[in-house]
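Novice: Sending over target-v1.csv (CSV, C-alpha atoms).
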```csv
chain,number,residue,atom,x,y,z
A,1,ILE,CA,-3.8,-4.4,-7.6
A,2,VAL,CA,-0.6,-3.3,-9.4
A,3,ILE,CA,1.0,0.0,-8.5
A,4,ALA,CA,3.7,0.9,-11.0
A,5,ASP,CA,6.3,3.6,-11.5
A,6,ILE,CA,5.0,6.0,-8.9
A,7,ARG,CA,6.8,9.3,-8.8
A,8,ALA,CA,6.1,11.7,-5.9
A,9,ALA,CA,6.0,15.5,-6.2
A,10,ASN,CA,7.5,15.7,-2.6
A,11,ASP,CA,10.5,14.0,-1.2
A,12,VAL,CA,10.3,11.7,1.8
A,13,VAL,CA,6.6,10.7,1.7
A,14,SER,CA,4.9,7.4,2.5
A,15,PRO,CA,2.6,5.5,0.1
A,16,TYR,CA,-0.8,4.6,1.5
A,17,LEU,CA,-3.7,2.4,0.5
A,18,ARG,CA,-7.3,2.7,1.5
A,19,LEU,CA,-10.4,0.7,0.7
A,20,GLY,CA,-14.0,1.7,0.5
A,21,ASP,CA,-17.6,0.9,-0.3
A,22,ALA,CA,-20.7,2.8,-1.6
A,23,GLY,CA,-20.3,5.2,1.3
A,24,GLY,CA,-16.8,6.3,0.1
A,25,ILE,CA,-13.2,5.6,1.1
A,26,ASP,CA,-12.7,4.5,4.7
A,27,SER,CA,-10.2,6.7,6.6
A,28,GLY,CA,-11.2,6.4,10.3
A,29,ALA,CA,-8.4,6.4,12.8
A,30,THR,CA,-8.6,2.7,13.5
A,31,ASP,CA,-10.0,1.3,10.2
A,32,TYR,CA,-6.9,-0.7,9.2
A,33,ALA,CA,-4.3,-3.1,10.6
A,34,PHE,CA,-1.1,-4.0,8.9
A,35,HIS,CA,2.4,-5.5,9.2
A,36,TYR,CA,5.1,-4.5,6.7
A,37,SER,CA,8.5,-6.1,6.8
A,38,ARG,CA,11.3,-4.7,4.7
A,39,ALA,CA,14.9,-5.1,3.7
A,40,SER,CA,17.3,-2.5,2.2
A,41,GLU,CA,20.4,-2.8,0.0
A,42,GLY,CA,22.2,-0.6,2.6
A,43,ASN,CA,21.5,-2.7,5.7
A,44,ALA,CA,21.7,-6.4,6.5
A,45,ALA,CA,19.1,-6.1,9.2
A,46,TYR,CA,15.3,-6.4,8.6
A,47,ALA,CA,12.9,-3.8,9.8
A,48,ALA,CA,9.1,-3.8,10.2
A,49,ASP,CA,6.2,-1.4,10.6
A,50,ILE,CA,3.0,-2.4,12.3
A,51,SER,CA,-0.3,-1.0,13.3
A,52,GLY,CA,-3.3,-2.5,14.9
A,53,GLY,CA,-5.3,0.6,14.2
A,54,ALA,CA,-4.6,3.2,11.5
A,55,ALA,CA,-6.4,5.5,9.1
A,56,GLN,CA,-4.7,3.8,6.1
A,57,ILE,CA,-2.4,0.9,5.2
A,58,THR,CA,1.2,2.2,5.1
A,59,LEU,CA,3.0,0.4,2.2
A,60,ASP,CA,6.5,1.8,2.8
A,61,ASN,CA,8.4,4.4,4.7
A,62,VAL,CA,10.0,7.0,2.4
A,63,ILE,CA,9.7,7.4,-1.3
A,64,GLY,CA,12.2,9.7,-2.9
A,65,ASN,CA,11.4,12.2,-5.8
A,66,ALA,CA,14.8,12.6,-7.4
A,67,ALA,CA,15.6,11.2,-10.8
A,68,GLY,CA,15.3,7.4,-10.7
A,69,GLU,CA,13.5,7.2,-7.4
A,70,GLY,CA,10.0,5.8,-7.0
A,71,PHE,CA,7.6,3.1,-5.8
A,72,GLY,CA,5.8,0.0,-7.0
A,73,ALA,CA,3.8,-2.8,-5.5
A,74,VAL,CA,1.8,-5.9,-6.4
A,75,LEU,CA,-1.0,-6.6,-4.0
A,76,TRP,CA,-3.6,-9.3,-3.7
A,77,LEU,CA,-7.1,-8.8,-2.3
A,78,HIS,CA,-8.1,-12.1,-0.7
A,79,ARG,CA,-11.8,-12.0,-1.1
A,80,PRO,CA,-14.5,-10.8,-3.5
A,81,GLY,CA,-16.0,-7.4,-3.0
A,82,ASP,CA,-19.1,-8.8,-1.4
A,83,GLY,CA,-17.2,-11.4,0.7
A,84,ASN,CA,-18.1,-12.4,4.3
A,85,ALA,CA,-14.6,-11.9,5.8
A,86,GLU,CA,-12.9,-8.6,6.5
A,87,PRO,CA,-10.9,-7.5,3.3
A,88,ILE,CA,-7.4,-9.0,3.5
A,89,ILE,CA,-4.5,-7.8,1.4
A,90,SER,CA,-1.0,-9.3,1.0
A,91,GLY,CA,1.8,-8.5,-1.4
A,92,THR,CA,5.2,-7.1,-2.1
A,93,VAL,CA,6.5,-3.6,-2.4
A,94,ALA,CA,9.7,-2.0,-3.8
A,95,THR,CA,11.0,1.5,-3.5
A,96,ILE,CA,14.0,3.6,-4.5
A,97,THR,CA,14.1,5.7,-1.3
A,98,HIS,CA,14.9,9.4,-0.8
A,99,ASN,CA,18.5,8.1,-0.1
A,100,HIS,CA,18.5,6.5,-3.5
A,101,GLU,CA,18.6,3.0,-2.0
A,102,LEU,CA,16.6,-0.1,-3.0
A,103,GLU,CA,14.2,-1.1,-0.3
A,104,GLY,CA,11.4,-3.6,-0.4
A,105,GLY,CA,9.4,-6.2,1.4
A,106,GLN,CA,6.1,-7.9,2.2
A,107,ILE,CA,2.9,-6.6,3.5
A,108,VAL,CA,-0.2,-8.1,5.1
A,109,ALA,CA,-3.1,-5.9,5.9
A,110,ARG,CA,-6.8,-5.8,6.5
A,111,ARG,CA,-9.8,-3.4,6.6
A,112,ARG,CA,-11.0,-3.9,10.2
A,113,ALA,CA,-14.7,-4.4,9.2
A,114,VAL,CA,-16.7,-6.5,6.7
A,115,ILE,CA,-17.6,-4.1,3.9
A,116,THR,CA,-19.0,-4.5,0.4
A,117,LEU,CA,-15.7,-3.3,-1.1
A,118,ASP,CA,-16.0,-1.5,-4.5
A,119,ARG,CA,-13.1,1.0,-4.5
A,120,VAL,CA,-9.4,1.3,-3.8
A,121,GLN,CA,-7.5,4.5,-3.1
A,122,PHE,CA,-3.7,5.0,-3.5
A,123,LEU,CA,-2.3,8.2,-2.1
A,124,LEU,CA,0.8,9.7,-0.5
A,125,SER,CA,1.4,11.1,3.0
A,126,GLY,CA,2.0,14.5,1.5
A,127,GLY,CA,1.9,16.2,-1.9
A,128,ASN,CA,0.8,14.9,-5.2
A,129,ILE,CA,1.6,11.9,-7.4
A,130,THR,CA,3.6,13.2,-10.3
A,131,SER,CA,3.2,10.1,-12.4
A,132,GLY,CA,2.6,6.3,-12.3
A,133,ARG,CA,-0.1,3.7,-12.8
A,134,LEU,CA,-2.7,1.9,-10.6
A,135,THR,CA,-4.2,-1.1,-12.3
A,136,VAL,CA,-6.9,-3.3,-10.7
A,137,PHE,CA,-7.3,-6.8,-12.3
A,138,GLY,CA,-10.1,-9.2,-11.7
A,139,VAL,CA,-9.6,-13.0,-11.2
A,140,LYS,CA,-12.4,-15.1,-12.4
A,141,HIS,CA,-13.3,-18.0,-10.2
A,142,GLY,CA,-14.8,-21.1,-11.9
```
What do you get writing this file as structure tokens?

Specialist:
Amino acid sequence: IVIADIRAANDVVSPYLRLGDAGGIDSGATDYAFHYSRASEGNAAYAADISGGAAQITLDNVIGNAAGEGFGAVLWLHRPGDGNAEPIISGTVATITHNHELEGGQIVARRRAVITLDRVQFLLSGGNITSGRLTVFGVKHG
């Protein structure tokens, strides 16, 4: 799953990811668990966000919407859509924040139930997505 060149209509919003099946996108209050570690060009310390139960996977803290600011990610789904394990995601994210600083890191996440996954939703915590791309690639197993 490649999320590229995302521009937000609103400033200081978080990018979210949700998964779903034939019943729709899952957004229950405890459907997802994640750990996101990040570093910033303006701070030598590392930070992290975690949740053992959330309505979405939070991919970063604060996307900016001024010129040059935005978001991107490369995420791996570690099972086929009809797999036997809970859907697991890992990957990297990068943001030019609302303070116009580079920030990025790694994420691991899961949908906290076994589902026949057939859809992915990318959204922001507020407002619309002005522009960008979401591409889902398949990997053929031999």

Novice: Contacts of segment 95-112 of chain A at 6 Å or less, counting only C-alpha atoms, minus same-chain residues fewer than 5 places along, as a list in words?

Specialist: Val12, Asp31, Tyr32, Ala33, Phe34, His35, Tyr36, Ser37, Arg38, Ala39, Ser40, Glu41, Val62, Ile63, Gly64, Glu69, Gly70, Phe71, Pro87, Ile88, Ile89 and Ser90 of chain A

Novice: Keeping only C-alpha atoms, write the selected residues to a file as a compact mmCIF listing (two decimals), keeping the file's coordinate frame.

Specialist:
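selection.txt written:
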```
# COMPACT_ATOMS: atom_id res chain seq x y z
CA VAL A 12 10.30 11.70 1.80
CA ASP A 31 -10.00 1.30 10.20
CA TYR A 32 -6.90 -0.70 9.20
CA ALA A 33 -4.30 -3.10 10.60
CA PHE A 34 -1.10 -4.00 8.90
CA HIS A 35 2.40 -5.50 9.20
CA TYR A 36 5.10 -4.50 6.70
CA SER A 37 8.50 -6.10 6.80
CA ARG A 38 11.30 -4.70 4.70
CA ALA A 39 14.90 -5.10 3.70
CA SER A 40 17.30 -2.50 2.20
CA GLU A 41 20.40 -2.80 0.00
CA VAL A 62 10.00 7.00 2.40
CA ILE A 63 9.70 7.40 -1.30
CA GLY A 64 12.20 9.70 -2.90
CA GLU A 69 13.50 7.20 -7.40
CA GLY A 70 10.00 5.80 -7.00
CA PHE A 71 7.60 3.10 -5.80
CA PRO A 87 -10.90 -7.50 3.30
CA ILE A 88 -7.40 -9.00 3.50
CA ILE A 89 -4.50 -7.80 1.40
CA SER A 90 -1.00 -9.30 1.00
```

Novice: Counting all atoms listed in the file, what is within 9 Å of Gly127 of chain A, bar same-chain residues fewer than 4 positions away, as a PDB file with C-alpha atoms, keeping the file's coordinate frame?

Specialist:
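As a result, out-v8.pdb now contains:
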```pdb
ATOM      1  CA  ALA A   8       6.100  11.700  -5.900  1.00  0.00           C
ATOM      2  CA  ALA A   9       6.000  15.500  -6.200  1.00  0.00           C
ATOM      3  CA  ASN A  10       7.500  15.700  -2.600  1.00  0.00           C
ATOM      4  CA  ASP A  11      10.500  14.000  -1.200  1.00  0.00           C
ATOM      5  CA  VAL A  13       6.600  10.700   1.700  1.00  0.00           C
TER       6      VAL A  13
END
```

Novice: One decimal, Å: what's the distance from atom CA of His141 of chain A over to atom CA of Gly20 of chain A, could you say?

Specialist: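 Atom-to-atom, atom CA of His141 of chain A to atom CA of Gly20 of chain A, that is 22.4 Å.
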
Novice: Given the choices A:Val93, A:Ala22, A:Ile129, A:Val136, which gets closest to Leu59 of chain A if the distance is worked out from all atoms listed in the file?

Specialist: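 Closest residue, counting all atoms listed in the file: A:Val93.
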